[in-house]
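Undergrad: Okay, so here is entry05.txt, and as you'll see once you scroll down, it has compact mmCIF, N, CA and C atoms.
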```txt
# COMPACT_ATOMS: atom_id res chain seq x y z
N ARG A 1 -3.16 7.52 5.69
CA ARG A 1 -3.37 8.77 4.98
C ARG A 1 -2.94 8.62 3.55
N VAL A 2 -3.37 9.51 2.73
CA VAL A 2 -3.00 9.55 1.32
C VAL A 2 -1.82 10.50 1.18
N ALA A 3 -0.80 10.08 0.46
CA ALA A 3 0.40 10.92 0.24
C ALA A 3 0.56 11.15 -1.25
N ARG A 4 1.17 12.28 -1.58
CA ARG A 4 1.36 12.66 -2.98
C ARG A 4 2.81 13.05 -3.22
N ASP A 5 3.21 13.01 -4.49
CA ASP A 5 4.53 13.47 -4.93
C ASP A 5 5.64 12.80 -4.13
N ASP A 6 6.61 13.57 -3.71
CA ASP A 6 7.71 13.03 -2.91
C ASP A 6 7.58 13.45 -1.46
N GLU A 7 6.36 13.42 -0.95
CA GLU A 7 6.10 13.75 0.44
C GLU A 7 6.97 12.84 1.31
N PRO A 8 7.75 13.40 2.22
CA PRO A 8 8.64 12.56 3.02
C PRO A 8 7.87 11.73 4.05
N VAL A 9 8.40 10.55 4.31
CA VAL A 9 7.86 9.69 5.36
C VAL A 9 8.97 9.52 6.38
N ASP A 10 8.73 9.97 7.59
CA ASP A 10 9.72 9.94 8.65
C ASP A 10 9.46 8.71 9.54
N LEU A 11 10.28 7.67 9.36
CA LEU A 11 10.08 6.44 10.11
C LEU A 11 10.29 6.63 11.61
N ALA A 12 11.17 7.53 12.00
CA ALA A 12 11.38 7.78 13.43
C ALA A 12 10.10 8.36 14.05
N SER A 13 9.46 9.29 13.36
CA SER A 13 8.20 9.86 13.86
C SER A 13 7.09 8.82 13.89
N LEU A 14 7.04 7.98 12.85
CA LEU A 14 6.02 6.93 12.82
C LEU A 14 6.26 5.91 13.95
N THR A 15 7.51 5.60 14.21
CA THR A 15 7.84 4.68 15.30
C THR A 15 7.39 5.26 16.64
N SER A 16 7.65 6.54 16.85
CA SER A 16 7.20 7.21 18.09
C SER A 16 5.68 7.19 18.20
N PHE A 17 5.01 7.46 17.07
CA PHE A 17 3.55 7.44 17.05
C PHE A 17 3.04 6.04 17.41
N LEU A 18 3.63 5.00 16.83
CA LEU A 18 3.17 3.63 17.06
C LEU A 18 3.50 3.14 18.46
N TYR A 19 4.62 3.59 19.00
CA TYR A 19 4.99 3.21 20.36
C TYR A 19 4.11 3.94 21.36
N GLY A 20 4.00 5.25 21.20
CA GLY A 20 3.11 6.06 22.01
C GLY A 20 3.34 5.98 23.51
N ASP A 21 4.55 5.76 23.96
CA ASP A 21 4.87 5.64 25.39
C ASP A 21 4.11 4.51 26.08
N ASN A 22 3.74 3.49 25.30
CA ASN A 22 3.01 2.36 25.85
C ASN A 22 4.02 1.32 26.35
N PRO A 23 4.09 1.07 27.65
CA PRO A 23 5.08 0.15 28.19
C PRO A 23 4.89 -1.30 27.76
N ARG A 24 3.73 -1.63 27.19
CA ARG A 24 3.49 -3.00 26.72
C ARG A 24 4.04 -3.24 25.31
N VAL A 25 4.37 -2.18 24.61
CA VAL A 25 4.87 -2.34 23.24
C VAL A 25 6.30 -2.85 23.28
N GLY A 26 6.50 -3.99 22.62
CA GLY A 26 7.83 -4.58 22.52
C GLY A 26 8.28 -4.76 21.08
N ALA A 27 7.39 -4.40 20.12
CA ALA A 27 7.75 -4.57 18.71
C ALA A 27 7.01 -3.55 17.85
N VAL A 28 7.75 -3.00 16.91
CA VAL A 28 7.19 -2.14 15.86
C VAL A 28 7.73 -2.69 14.55
N ALA A 29 6.85 -2.88 13.58
CA ALA A 29 7.28 -3.41 12.28
C ALA A 29 6.69 -2.57 11.16
N PHE A 30 7.47 -2.45 10.08
CA PHE A 30 7.04 -1.68 8.91
C PHE A 30 7.13 -2.51 7.65
N PHE A 31 6.21 -2.24 6.73
CA PHE A 31 6.31 -2.68 5.35
C PHE A 31 6.49 -1.41 4.54
N ILE A 32 7.51 -1.38 3.70
CA ILE A 32 7.76 -0.23 2.84
C ILE A 32 7.71 -0.72 1.40
N GLY A 33 6.67 -0.33 0.68
CA GLY A 33 6.52 -0.73 -0.71
C GLY A 33 7.13 0.32 -1.63
N ILE A 34 7.84 -0.16 -2.63
CA ILE A 34 8.41 0.74 -3.64
C ILE A 34 8.06 0.21 -5.03
N VAL A 35 8.11 1.08 -6.01
CA VAL A 35 7.88 0.68 -7.40
C VAL A 35 9.07 -0.14 -7.84
N ARG A 36 8.81 -1.37 -8.27
CA ARG A 36 9.91 -2.19 -8.77
C ARG A 36 10.25 -1.79 -10.19
N GLY A 37 11.50 -1.92 -10.55
CA GLY A 37 11.96 -1.53 -11.88
C GLY A 37 11.72 -2.58 -12.94
N ILE A 38 11.54 -3.84 -12.52
CA ILE A 38 11.28 -4.95 -13.45
C ILE A 38 10.06 -5.70 -12.96
N ASN A 39 9.10 -5.95 -13.84
CA ASN A 39 7.93 -6.76 -13.52
C ASN A 39 7.68 -7.70 -14.68
N ASN A 40 7.55 -8.98 -14.38
CA ASN A 40 7.36 -10.00 -15.42
C ASN A 40 8.43 -9.92 -16.50
N GLY A 41 9.67 -9.65 -16.08
CA GLY A 41 10.79 -9.61 -17.02
C GLY A 41 10.87 -8.36 -17.87
N GLU A 42 10.02 -7.39 -17.61
CA GLU A 42 10.01 -6.16 -18.41
C GLU A 42 10.33 -4.95 -17.55
N GLN A 43 10.96 -3.96 -18.16
CA GLN A 43 11.24 -2.72 -17.45
C GLN A 43 9.95 -1.95 -17.22
N VAL A 44 9.78 -1.51 -15.98
CA VAL A 44 8.62 -0.70 -15.61
C VAL A 44 9.03 0.77 -15.75
N ARG A 45 8.25 1.51 -16.51
CA ARG A 45 8.54 2.94 -16.69
C ARG A 45 7.86 3.80 -15.63
N GLU A 46 6.63 3.41 -15.27
CA GLU A 46 5.87 4.23 -14.32
C GLU A 46 4.65 3.45 -13.84
N LEU A 47 4.24 3.75 -12.61
CA LEU A 47 2.94 3.34 -12.10
C LEU A 47 2.12 4.60 -11.89
N ASP A 48 0.83 4.48 -12.02
CA ASP A 48 -0.04 5.60 -11.72
C ASP A 48 -1.17 5.08 -10.84
N TYR A 49 -1.28 5.64 -9.65
CA TYR A 49 -2.32 5.25 -8.71
C TYR A 49 -3.44 6.27 -8.75
N GLU A 50 -4.62 5.84 -9.16
CA GLU A 50 -5.82 6.66 -9.07
C GLU A 50 -6.59 6.18 -7.84
N HIS A 51 -7.35 7.08 -7.24
CA HIS A 51 -8.07 6.70 -6.03
C HIS A 51 -9.35 7.50 -5.90
N SER A 52 -10.22 7.04 -5.01
CA SER A 52 -11.42 7.78 -4.65
C SER A 52 -11.05 8.73 -3.52
N GLU A 53 -11.08 10.01 -3.80
CA GLU A 53 -10.70 11.03 -2.81
C GLU A 53 -11.53 10.92 -1.53
N GLU A 54 -12.83 10.69 -1.68
CA GLU A 54 -13.70 10.69 -0.50
C GLU A 54 -13.72 9.35 0.25
N LEU A 55 -13.34 8.27 -0.42
CA LEU A 55 -13.41 6.95 0.22
C LEU A 55 -12.08 6.44 0.75
N MET A 56 -10.97 6.95 0.22
CA MET A 56 -9.67 6.37 0.53
C MET A 56 -9.28 6.51 1.99
N GLU A 57 -9.27 7.72 2.52
CA GLU A 57 -8.85 7.93 3.91
C GLU A 57 -9.71 7.14 4.89
N PRO A 58 -11.04 7.18 4.78
CA PRO A 58 -11.85 6.39 5.72
C PRO A 58 -11.56 4.89 5.62
N LYS A 59 -11.32 4.38 4.43
CA LYS A 59 -11.04 2.95 4.27
C LYS A 59 -9.70 2.59 4.90
N LEU A 60 -8.69 3.42 4.73
CA LEU A 60 -7.39 3.14 5.33
C LEU A 60 -7.50 3.14 6.86
N ARG A 61 -8.25 4.09 7.41
CA ARG A 61 -8.47 4.13 8.87
C ARG A 61 -9.22 2.89 9.35
N GLU A 62 -10.23 2.50 8.60
CA GLU A 62 -11.02 1.31 8.95
C GLU A 62 -10.13 0.05 8.98
N LEU A 63 -9.30 -0.11 7.96
CA LEU A 63 -8.42 -1.28 7.91
C LEU A 63 -7.41 -1.27 9.05
N ALA A 64 -6.85 -0.10 9.36
CA ALA A 64 -5.91 -0.01 10.48
C ALA A 64 -6.61 -0.38 11.79
N PHE A 65 -7.82 0.14 12.00
CA PHE A 65 -8.58 -0.19 13.21
C PHE A 65 -8.90 -1.68 13.27
N ASP A 66 -9.28 -2.26 12.13
CA ASP A 66 -9.57 -3.70 12.08
C ASP A 66 -8.34 -4.51 12.48
N ALA A 67 -7.16 -4.11 12.01
CA ALA A 67 -5.92 -4.82 12.36
C ALA A 67 -5.64 -4.69 13.86
N ILE A 68 -5.84 -3.49 14.40
CA ILE A 68 -5.63 -3.28 15.84
C ILE A 68 -6.52 -4.21 16.65
N THR A 69 -7.77 -4.29 16.26
CA THR A 69 -8.74 -5.13 16.97
C THR A 69 -8.43 -6.62 16.80
N LYS A 70 -8.23 -7.05 15.57
CA LYS A 70 -8.03 -8.47 15.25
C LYS A 70 -6.75 -9.03 15.88
N PHE A 71 -5.68 -8.24 15.94
CA PHE A 71 -4.39 -8.73 16.39
C PHE A 71 -3.95 -8.16 17.75
N SER A 72 -4.86 -7.50 18.45
CA SER A 72 -4.55 -6.89 19.75
C SER A 72 -3.31 -6.00 19.68
N LEU A 73 -3.29 -5.13 18.70
CA LEU A 73 -2.16 -4.23 18.50
C LEU A 73 -2.28 -3.00 19.38
N ALA A 74 -1.17 -2.34 19.60
CA ALA A 74 -1.17 -1.04 20.27
C ALA A 74 -1.47 0.07 19.27
N GLY A 75 -1.04 -0.12 18.02
CA GLY A 75 -1.27 0.91 17.01
C GLY A 75 -1.01 0.40 15.61
N ALA A 76 -1.49 1.16 14.63
CA ALA A 76 -1.29 0.82 13.22
C ALA A 76 -1.40 2.11 12.41
N CYS A 77 -0.68 2.16 11.31
CA CYS A 77 -0.79 3.30 10.40
C CYS A 77 -0.60 2.82 8.97
N VAL A 78 -1.25 3.53 8.05
CA VAL A 78 -1.14 3.22 6.63
C VAL A 78 -0.96 4.53 5.88
N ILE A 79 0.08 4.59 5.06
CA ILE A 79 0.30 5.72 4.17
C ILE A 79 0.37 5.15 2.76
N HIS A 80 -0.51 5.61 1.87
CA HIS A 80 -0.54 5.11 0.49
C HIS A 80 -0.33 6.30 -0.45
N PHE A 81 0.66 6.18 -1.31
CA PHE A 81 0.92 7.23 -2.28
C PHE A 81 -0.04 7.11 -3.45
N VAL A 82 -0.39 8.23 -4.05
CA VAL A 82 -1.25 8.26 -5.23
C VAL A 82 -0.58 9.11 -6.30
N GLY A 83 -1.11 8.98 -7.53
CA GLY A 83 -0.53 9.71 -8.65
C GLY A 83 0.59 8.92 -9.29
N PRO A 84 1.34 9.57 -10.19
CA PRO A 84 2.42 8.85 -10.89
C PRO A 84 3.61 8.57 -9.98
N ARG A 85 4.17 7.38 -10.12
CA ARG A 85 5.32 6.95 -9.32
C ARG A 85 6.32 6.28 -10.25
N LYS A 86 7.58 6.57 -10.07
CA LYS A 86 8.68 6.01 -10.88
C LYS A 86 9.35 4.87 -10.10
N PRO A 87 10.07 3.96 -10.80
CA PRO A 87 10.79 2.90 -10.08
C PRO A 87 11.68 3.48 -8.98
N GLY A 88 11.63 2.82 -7.83
CA GLY A 88 12.39 3.25 -6.66
C GLY A 88 11.63 4.17 -5.73
N GLN A 89 10.52 4.75 -6.18
CA GLN A 89 9.74 5.64 -5.31
C GLN A 89 8.81 4.84 -4.42
N LEU A 90 8.48 5.42 -3.27
CA LEU A 90 7.57 4.78 -2.34
C LEU A 90 6.17 4.64 -2.93
N THR A 91 5.51 3.52 -2.59
CA THR A 91 4.11 3.34 -2.93
C THR A 91 3.24 3.28 -1.69
N MET A 92 3.80 2.65 -0.63
CA MET A 92 3.00 2.45 0.57
C MET A 92 3.93 2.24 1.76
N VAL A 93 3.54 2.77 2.92
CA VAL A 93 4.22 2.49 4.18
C VAL A 93 3.14 2.07 5.17
N VAL A 94 3.32 0.87 5.72
CA VAL A 94 2.37 0.34 6.70
C VAL A 94 3.17 0.02 7.95
N GLY A 95 2.68 0.46 9.09
CA GLY A 95 3.35 0.17 10.35
C GLY A 95 2.38 -0.35 11.39
N VAL A 96 2.88 -1.24 12.24
CA VAL A 96 2.07 -1.79 13.33
C VAL A 96 2.94 -1.91 14.58
N SER A 97 2.31 -1.87 15.74
CA SER A 97 3.03 -2.06 17.00
C SER A 97 2.20 -2.95 17.92
N GLY A 98 2.93 -3.70 18.74
CA GLY A 98 2.25 -4.60 19.66
C GLY A 98 3.22 -5.15 20.68
N GLU A 99 2.76 -6.14 21.42
CA GLU A 99 3.56 -6.70 22.50
C GLU A 99 4.82 -7.40 22.01
N SER A 100 4.72 -8.13 20.88
CA SER A 100 5.89 -8.87 20.40
C SER A 100 5.75 -9.16 18.91
N ARG A 101 6.79 -9.76 18.37
CA ARG A 101 6.77 -10.11 16.95
C ARG A 101 5.65 -11.10 16.64
N LYS A 102 5.20 -11.84 17.66
CA LYS A 102 4.20 -12.88 17.43
C LYS A 102 2.83 -12.32 17.02
N ASN A 103 2.51 -11.10 17.42
CA ASN A 103 1.27 -10.50 16.92
C ASN A 103 1.56 -9.43 15.88
N VAL A 104 2.75 -8.86 15.89
CA VAL A 104 3.07 -7.78 14.96
C VAL A 104 3.28 -8.29 13.53
N PHE A 105 4.06 -9.36 13.35
CA PHE A 105 4.35 -9.84 11.99
C PHE A 105 3.09 -10.30 11.24
N PRO A 106 2.24 -11.14 11.86
CA PRO A 106 1.03 -11.53 11.14
C PRO A 106 0.10 -10.35 10.87
N ALA A 107 0.05 -9.41 11.80
CA ALA A 107 -0.80 -8.24 11.62
C ALA A 107 -0.33 -7.39 10.45
N LEU A 108 0.98 -7.23 10.33
CA LEU A 108 1.53 -6.44 9.23
C LEU A 108 1.18 -7.06 7.89
N GLU A 109 1.37 -8.36 7.77
CA GLU A 109 1.03 -9.03 6.50
C GLU A 109 -0.46 -8.92 6.21
N TRP A 110 -1.29 -9.12 7.22
CA TRP A 110 -2.74 -9.02 7.04
C TRP A 110 -3.13 -7.62 6.56
N LEU A 111 -2.58 -6.61 7.21
CA LEU A 111 -2.94 -5.23 6.87
C LEU A 111 -2.49 -4.85 5.46
N VAL A 112 -1.28 -5.22 5.09
CA VAL A 112 -0.79 -4.93 3.73
C VAL A 112 -1.70 -5.61 2.71
N ASP A 113 -2.02 -6.88 2.91
CA ASP A 113 -2.88 -7.61 1.97
C ASP A 113 -4.25 -6.97 1.86
N HIS A 114 -4.83 -6.56 2.98
CA HIS A 114 -6.16 -5.96 2.93
C HIS A 114 -6.15 -4.57 2.30
N VAL A 115 -5.11 -3.80 2.52
CA VAL A 115 -5.00 -2.50 1.83
C VAL A 115 -4.94 -2.75 0.33
N LYS A 116 -4.12 -3.69 -0.09
CA LYS A 116 -3.95 -3.99 -1.52
C LYS A 116 -5.28 -4.39 -2.17
N HIS A 117 -6.10 -5.15 -1.46
CA HIS A 117 -7.33 -5.67 -2.07
C HIS A 117 -8.60 -4.89 -1.76
N GLU A 118 -8.57 -4.01 -0.75
CA GLU A 118 -9.81 -3.33 -0.37
C GLU A 118 -9.78 -1.81 -0.50
N ALA A 119 -8.62 -1.22 -0.51
CA ALA A 119 -8.57 0.24 -0.60
C ALA A 119 -9.03 0.69 -2.00
N PRO A 120 -9.78 1.78 -2.06
CA PRO A 120 -10.28 2.28 -3.35
C PRO A 120 -9.17 3.00 -4.13
N VAL A 121 -8.20 2.21 -4.58
CA VAL A 121 -7.08 2.73 -5.36
C VAL A 121 -6.85 1.77 -6.52
N TRP A 122 -6.58 2.34 -7.70
CA TRP A 122 -6.41 1.54 -8.91
C TRP A 122 -5.08 1.88 -9.54
N LYS A 123 -4.38 0.84 -9.95
CA LYS A 123 -3.01 1.01 -10.43
C LYS A 123 -2.93 0.71 -11.93
N THR A 124 -2.26 1.63 -12.65
CA THR A 124 -1.92 1.42 -14.04
C THR A 124 -0.40 1.34 -14.10
N GLU A 125 0.10 0.31 -14.78
CA GLU A 125 1.55 0.12 -14.89
C GLU A 125 1.96 0.25 -16.35
N VAL A 126 2.94 1.12 -16.60
CA VAL A 126 3.46 1.30 -17.95
C VAL A 126 4.78 0.55 -18.05
N ARG A 127 4.80 -0.48 -18.94
CA ARG A 127 5.99 -1.29 -19.18
C ARG A 127 6.43 -1.14 -20.63
N GLU A 128 7.52 -1.79 -20.94
CA GLU A 128 8.04 -1.74 -22.31
C GLU A 128 7.00 -2.19 -23.33
N SER A 129 6.21 -3.20 -22.98
CA SER A 129 5.26 -3.78 -23.94
C SER A 129 3.89 -3.11 -23.93
N GLY A 130 3.68 -2.13 -23.07
CA GLY A 130 2.39 -1.45 -23.08
C GLY A 130 1.91 -1.07 -21.70
N VAL A 131 0.62 -0.78 -21.63
CA VAL A 131 -0.03 -0.31 -20.41
C VAL A 131 -0.87 -1.46 -19.85
N TYR A 132 -0.73 -1.67 -18.54
CA TYR A 132 -1.46 -2.73 -17.85
C TYR A 132 -2.27 -2.12 -16.71
N TYR A 133 -3.52 -2.60 -16.59
CA TYR A 133 -4.37 -2.19 -15.48
C TYR A 133 -4.30 -3.29 -14.43
N MET A 134 -3.94 -2.92 -13.22
CA MET A 134 -3.78 -3.89 -12.15
C MET A 134 -5.01 -3.84 -11.25
N VAL A 135 -5.66 -4.99 -11.09
CA VAL A 135 -6.85 -5.10 -10.27
C VAL A 135 -6.59 -6.22 -9.27
N GLY A 136 -6.30 -5.86 -8.01
CA GLY A 136 -5.92 -6.87 -7.01
C GLY A 136 -4.65 -7.55 -7.47
N ASP A 137 -4.71 -8.86 -7.67
CA ASP A 137 -3.56 -9.61 -8.16
C ASP A 137 -3.63 -9.89 -9.65
N ARG A 138 -4.62 -9.34 -10.34
CA ARG A 138 -4.78 -9.55 -11.78
C ARG A 138 -4.22 -8.37 -12.54
N GLU A 139 -3.79 -8.63 -13.76
CA GLU A 139 -3.39 -7.54 -14.64
C GLU A 139 -4.05 -7.74 -15.99
N ILE A 140 -4.49 -6.64 -16.58
CA ILE A 140 -5.16 -6.67 -17.88
C ILE A 140 -4.43 -5.70 -18.78
N LYS A 141 -3.96 -6.19 -19.92
CA LYS A 141 -3.25 -5.33 -20.87
C LYS A 141 -4.26 -4.46 -21.60
N GLU A 142 -3.91 -3.20 -21.79
CA GLU A 142 -4.81 -2.24 -22.43
C GLU A 142 -5.32 -2.74 -23.78
N THR A 143 -4.47 -3.37 -24.58
CA THR A 143 -4.90 -3.85 -25.90
C THR A 143 -5.95 -4.94 -25.79
N GLU A 144 -5.94 -5.73 -24.70
CA GLU A 144 -6.95 -6.76 -24.50
C GLU A 144 -8.31 -6.12 -24.25
N LEU A 145 -8.34 -5.00 -23.57
CA LEU A 145 -9.60 -4.29 -23.33
C LEU A 145 -10.16 -3.75 -24.63
N LYS A 146 -9.30 -3.21 -25.49
CA LYS A 146 -9.77 -2.65 -26.76
C LYS A 146 -10.30 -3.72 -27.69
N ARG A 147 -9.68 -4.92 -27.67
CA ARG A 147 -10.16 -6.02 -28.50
C ARG A 147 -11.53 -6.48 -28.09
N GLY A 148 -11.82 -6.42 -26.80
CA GLY A 148 -13.09 -6.90 -26.25
C GLY A 148 -14.25 -5.98 -26.55
N SER A 149 -14.02 -4.75 -27.02
CA SER A 149 -15.14 -3.82 -27.24
C SER A 149 -15.64 -3.84 -28.65
```
Written as structure tokens, how would this file's structure read?

TA:
Amino acid sequence: RVARDDEPVDLASLTSFLYGDNPRVGAVAFFIGIVRGINNGEQVRELDYEHSEELMEPKLRELAFDAITKFSLAGACVIHFVGPRKPGQLTMVVGVSGESRKNVFPALEWLVDHVKHEAPVWKTEVRESGVYYMVGDREIKETELKRGS
């Protein structure tokens, strides 16, 4: 789901959701992403996540379902924050459940990576030296875009 502002994320509720009274579940794992205060040696002032309102939720559900299928999971969930975020604030919470750590850990990494690269969300990072547009694992400084036009 898409989350905004300081919407609380209750890990106990998410754990119950992922377990779901399934006696085969022996592991639940979470990735909790937060805005880092330093990136590339510079202080980060803010991130801003823009997204496609109509495409984001379906894509997050699709990726969670793909992880469940690919890794034989019992469950998966993805919460991605949008809008402005300050250092220390949540950016993303991803959870998975399955029989053991052997399918849960690889599934968690796979799901986080695919959300980062496939979800229709775009990140702008404001640092001491300027504004950077983050596209997957690439970053483009705003001044470089202006020079190119």

Undergrad: Mind dumping a table of every stretch 51-146 of chain A residue within 7 Å of stretch 36-43 of chain A, with the nearest atom pair and its distance in Å to one decimal, using all atoms listed in the file, sorted by chain and rising number, as a Markdown table?

TA:
```
| residue | atom | partner | partner_atom | distance |
| --- | --- | --- | --- | --- |
| A:Lys86 | C | A:Arg36 | N | 6.5 |
| A:Pro87 | CA | A:Arg36 | C | 4.7 |
| A:Gly88 | N | A:Arg36 | N | 5.1 |
| A:Gln89 | N | A:Arg36 | N | 6.7 |
| A:Val126 | C | A:Gln43 | C | 5.8 |
| A:Arg127 | CA | A:Gln43 | C | 4.5 |
| A:Glu128 | N | A:Gln43 | C | 4.4 |
| A:Ser129 | N | A:Glu42 | CA | 6.6 |
```

Undergrad: Env of stretch 66-76 of chain A: 9 Å cut, atoms = only C-alpha atoms, seq-sep filter 2 positions within chain, self excluded. Answer as a VMD selection string.

TA: chain A and resid 17 to 20 22 24 to 25 61 to 64 78 94 to 99 103 to 104 106 to 108 110 to 111

Undergrad: Please run DSSP on the backbone and report, as number ranges by chain, all residues within stretch 63-125 of chain A that come out as strand (DSSP E).

TA: A: 75-85, 90-98, 121-125

Undergrad: Just give me the gap between atom CA of A:Leu47 and atom CA of A:Glu139 in Å, one decimal is fine.

TA: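 Atom-to-atom, atom CA of A:Leu47 and atom CA of A:Glu139 are spaced 12.8 Å apart.
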
Undergrad: Do a neighbour search on stretch 117-120 of chain A at 6.5 Å with only N, CA and C atoms, toss out local chain neighbours closer than 6 positions, and write the hits as an mmCIF file with N, CA and C atoms, in the frame of the given file.

TA:
```cif
data_model
loop_
_atom_site.group_PDB
_atom_site.id
_atom_site.type_symbol
_atom_site.label_atom_id
_atom_site.label_comp_id
_atom_site.auth_asym_id
_atom_site.auth_seq_id
_atom_site.Cartn_x
_atom_site.Cartn_y
_atom_site.Cartn_z
ATOM 1 N N GLU A 50 -4.620 5.840 -9.160
ATOM 2 C CA GLU A 50 -5.820 6.660 -9.070
ATOM 3 C C GLU A 50 -6.590 6.180 -7.840
ATOM 4 N N HIS A 51 -7.350 7.080 -7.240
ATOM 5 C CA HIS A 51 -8.070 6.700 -6.030
ATOM 6 C C HIS A 51 -9.350 7.500 -5.900
ATOM 7 N N SER A 52 -10.220 7.040 -5.010
ATOM 8 C CA SER A 52 -11.420 7.780 -4.650
ATOM 9 C C SER A 52 -11.050 8.730 -3.520
ATOM 10 N N LEU A 55 -13.340 8.270 -0.420
ATOM 11 C CA LEU A 55 -13.410 6.950 0.220
ATOM 12 C C LEU A 55 -12.080 6.440 0.750
ATOM 13 N N MET A 56 -10.970 6.950 0.220
ATOM 14 C CA MET A 56 -9.670 6.370 0.530
ATOM 15 C C MET A 56 -9.280 6.510 1.990
ATOM 16 N N LYS A 59 -11.320 4.380 4.430
ATOM 17 C CA LYS A 59 -11.040 2.950 4.270
ATOM 18 C C LYS A 59 -9.700 2.590 4.900
ATOM 19 N N LEU A 60 -8.690 3.420 4.730
ATOM 20 C CA LEU A 60 -7.390 3.140 5.330
ATOM 21 C C LEU A 60 -7.500 3.140 6.860
ATOM 22 N N GLY A 136 -6.300 -5.860 -8.010
ATOM 23 C CA GLY A 136 -5.920 -6.870 -7.010
ATOM 24 C C GLY A 136 -4.650 -7.550 -7.470
#
```

Undergrad: Tell me, in Å to one decimal, how far atom CA of A:Thr91 is from atom C of A:Asp10.

TA: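 Pair atom CA of A:Thr91 / atom C of A:Asp10 returns 14.6 Å.
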